[in-house]
Amino acid sequence: MPRKIREFKAQITREGFIYLSKRGKGSHERWRHPLLKKTLTISGKDGDDVLPYLEKQLSGLLTQLEKLKKEEE
């Protein structure tokens, strides 16, 4: 069973992503990590299921983040 968007947002907040303010109408939210140049766009309401492409995109961003942290050490 896929997790909900609210759980997904809780995880990315723990990982250090920051919510970017809205730039217009709609239900899309943009999140960015201070160390990464890419944004993560989440569509849907908090009770909706997370789509597989979002899980894959987050996995890739977390992998990049780990590489950056290792390079800083």
# chains A, B, ... in the order shown; residues from 1 in each chain; ligands from 1
call {"tool": "select_by_dssp", "arguments": {"residues": "chain A", "states": "alpha helix (DSSP H)", "output": "number ranges by chain"}}
result
A: 5-14, 52-72
call {"tool": "residues_around", "arguments": {"residues": "segment 9-15 of chain A", "least_positions_apart": "6", "cutoff": "12 Å", "atoms": "only C-alpha atoms", "output": "PyMOL selection string"}}
result
chain A and resi 3+29-35+39-50+54-55+57-59+61-63+65-66
call {"tool": "select_by_dssp", "arguments": {"residues": "segment 8-65 of chain A", "states": "strand (DSSP E or B)", "output": "PDB file with C-alpha atoms, in the first residue's frame"}}
result
ATOM      1  CA  ILE A  18      12.519  23.560   2.611  1.00  0.00           C
ATOM      2  CA  TYR A  19       9.063  24.495   1.326  1.00  0.00           C
ATOM      3  CA  LEU A  20       9.129  27.199  -1.345  1.00  0.00           C
ATOM      4  CA  GLU A  29       4.121  22.446  -3.909  1.00  0.00           C
ATOM      5  CA  ARG A  30       7.823  22.976  -4.537  1.00  0.00           C
ATOM      6  CA  TRP A  31      10.496  21.850  -2.088  1.00  0.00           C
ATOM      7  CA  ARG A  32      14.259  22.385  -2.258  1.00  0.00           C
ATOM      8  CA  THR A  39      13.495  21.254  -6.781  1.00  0.00           C
ATOM      9  CA  LEU A  40      11.034  18.532  -5.863  1.00  0.00           C
ATOM     10  CA  THR A  41       7.487  19.266  -7.027  1.00  0.00           C
ATOM     11  CA  ILE A  42       4.690  17.494  -5.185  1.00  0.00           C
ATOM     12  CA  ASP A  49      -1.213   8.355  -2.381  1.00  0.00           C
TER      13      ASP A  49
END
call {"tool": "atom_distance", "arguments": {"atom1": "atom CA of Ile5 of chain A", "atom2": "atom CA of Lys37 of chain A"}}
result
22.5 Å
call {"tool": "atom_distance", "arguments": {"atom1": "atom CA of Lys4 of chain A", "atom2": "atom CA of Lys22 of chain A"}}
result
21.1 Å
call {"tool": "atom_distance", "arguments": {"atom1": "atom CA of Tyr53 of chain A", "atom2": "atom CA of Met1 of chain A"}}
result
15.2 Å
call {"tool": "decode", "arguments": {"residues": "segment 16-46 of chain A", "atoms": "N, CA and C atoms", "output": "mmCIF file, in the first residue's frame"}}
result
data_model
loop_
_atom_site.group_PDB
_atom_site.id
_atom_site.type_symbol
_atom_site.label_atom_id
_atom_site.label_comp_id
_atom_site.auth_asym_id
_atom_site.auth_seq_id
_atom_site.Cartn_x
_atom_site.Cartn_y
_atom_site.Cartn_z
ATOM 1 N N GLY A 16 15.677 17.705 5.483
ATOM 2 C CA GLY A 16 16.219 19.051 5.358
ATOM 3 C C GLY A 16 15.685 19.856 4.189
ATOM 4 N N PHE A 17 14.675 19.352 3.500
ATOM 5 C CA PHE A 17 14.093 20.105 2.398
ATOM 6 C C PHE A 17 13.261 21.261 2.952
ATOM 7 N N ILE A 18 13.224 22.351 2.198
ATOM 8 C CA ILE A 18 12.519 23.560 2.611
ATOM 9 C C ILE A 18 11.396 23.833 1.620
ATOM 10 N N TYR A 19 10.223 24.176 2.153
ATOM 11 C CA TYR A 19 9.063 24.495 1.326
ATOM 12 C C TYR A 19 9.266 25.857 0.682
ATOM 13 N N LEU A 20 9.063 25.932 -0.629
ATOM 14 C CA LEU A 20 9.129 27.199 -1.345
ATOM 15 C C LEU A 20 7.716 27.740 -1.501
ATOM 16 N N SER A 21 7.543 29.034 -1.291
ATOM 17 C CA SER A 21 6.201 29.611 -1.332
ATOM 18 C C SER A 21 5.562 29.442 -2.708
ATOM 19 N N LYS A 22 4.242 29.499 -2.702
ATOM 20 C CA LYS A 22 3.490 29.300 -3.940
ATOM 21 C C LYS A 22 3.775 30.420 -4.939
ATOM 22 N N ARG A 23 3.717 30.058 -6.215
ATOM 23 C CA ARG A 23 3.947 31.037 -7.270
ATOM 24 C C ARG A 23 2.722 31.168 -8.161
ATOM 25 N N GLY A 24 1.585 30.761 -7.679
ATOM 26 C CA GLY A 24 0.367 30.853 -8.468
ATOM 27 C C GLY A 24 -0.698 29.926 -7.924
ATOM 28 N N LYS A 25 -1.731 29.704 -8.710
ATOM 29 C CA LYS A 25 -2.822 28.835 -8.286
ATOM 30 C C LYS A 25 -2.423 27.375 -8.474
ATOM 31 N N GLY A 26 -3.160 26.516 -7.809
ATOM 32 C CA GLY A 26 -2.932 25.100 -8.006
ATOM 33 C C GLY A 26 -2.508 24.379 -6.748
ATOM 34 N N SER A 27 -2.458 23.062 -6.840
ATOM 35 C CA SER A 27 -2.151 22.243 -5.671
ATOM 36 C C SER A 27 -0.709 21.756 -5.646
ATOM 37 N N HIS A 28 0.104 22.234 -6.551
ATOM 38 C CA HIS A 28 1.504 21.793 -6.573
ATOM 39 C C HIS A 28 2.312 22.557 -5.531
ATOM 40 N N GLU A 29 3.206 21.833 -4.873
ATOM 41 C CA GLU A 29 4.121 22.446 -3.909
ATOM 42 C C GLU A 29 5.545 22.161 -4.351
ATOM 43 N N ARG A 30 6.416 23.145 -4.171
ATOM 44 C CA ARG A 30 7.823 22.976 -4.537
ATOM 45 C C ARG A 30 8.663 22.964 -3.274
ATOM 46 N N TRP A 31 9.590 22.021 -3.222
ATOM 47 C CA TRP A 31 10.496 21.850 -2.088
ATOM 48 C C TRP A 31 11.921 21.822 -2.614
ATOM 49 N N ARG A 32 12.855 22.372 -1.855
ATOM 50 C CA ARG A 32 14.259 22.385 -2.258
ATOM 51 C C ARG A 32 15.151 22.161 -1.043
ATOM 52 N N HIS A 33 16.224 21.420 -1.278
ATOM 53 C CA HIS A 33 17.234 21.222 -0.227
ATOM 54 C C HIS A 33 18.327 22.266 -0.444
ATOM 55 N N PRO A 34 18.842 22.872 0.619
ATOM 56 C CA PRO A 34 19.868 23.912 0.463
ATOM 57 C C PRO A 34 21.130 23.462 -0.278
ATOM 58 N N LEU A 35 21.480 22.179 -0.215
ATOM 59 C CA LEU A 35 22.696 21.701 -0.871
ATOM 60 C C LEU A 35 22.475 21.292 -2.326
ATOM 61 N N LEU A 36 21.222 21.099 -2.725
ATOM 62 C CA LEU A 36 20.917 20.643 -4.081
ATOM 63 C C LEU A 36 20.351 21.790 -4.906
ATOM 64 N N LYS A 37 20.591 21.756 -6.204
ATOM 65 C CA LYS A 37 20.096 22.814 -7.079
ATOM 66 C C LYS A 37 18.738 22.475 -7.691
ATOM 67 N N LYS A 38 18.280 21.240 -7.496
ATOM 68 C CA LYS A 38 17.020 20.808 -8.086
ATOM 69 C C LYS A 38 15.882 20.976 -7.086
ATOM 70 N N THR A 39 14.671 21.178 -7.630
ATOM 71 C CA THR A 39 13.495 21.254 -6.781
ATOM 72 C C THR A 39 12.683 19.972 -6.915
ATOM 73 N N LEU A 40 11.926 19.683 -5.889
ATOM 74 C CA LEU A 40 11.034 18.532 -5.863
ATOM 75 C C LEU A 40 9.617 19.085 -5.877
ATOM 76 N N THR A 41 8.853 18.779 -6.905
ATOM 77 C CA THR A 41 7.487 19.266 -7.027
ATOM 78 C C THR A 41 6.522 18.154 -6.640
ATOM 79 N N ILE A 42 5.662 18.461 -5.673
ATOM 80 C CA ILE A 42 4.690 17.494 -5.185
ATOM 81 C C ILE A 42 3.304 17.973 -5.588
ATOM 82 N N SER A 43 2.556 17.107 -6.244
ATOM 83 C CA SER A 43 1.186 17.447 -6.615
ATOM 84 C C SER A 43 0.216 16.613 -5.794
ATOM 85 N N GLY A 44 -0.961 17.152 -5.544
ATOM 86 C CA GLY A 44 -1.977 16.415 -4.821
ATOM 87 C C GLY A 44 -2.181 16.926 -3.420
ATOM 88 N N LYS A 45 -3.183 16.345 -2.769
ATOM 89 C CA LYS A 45 -3.530 16.726 -1.404
ATOM 90 C C LYS A 45 -2.873 15.760 -0.424
ATOM 91 N N ASP A 46 -2.854 16.138 0.848
ATOM 92 C CA ASP A 46 -2.157 15.350 1.868
ATOM 93 C C ASP A 46 -2.684 13.920 1.990
#
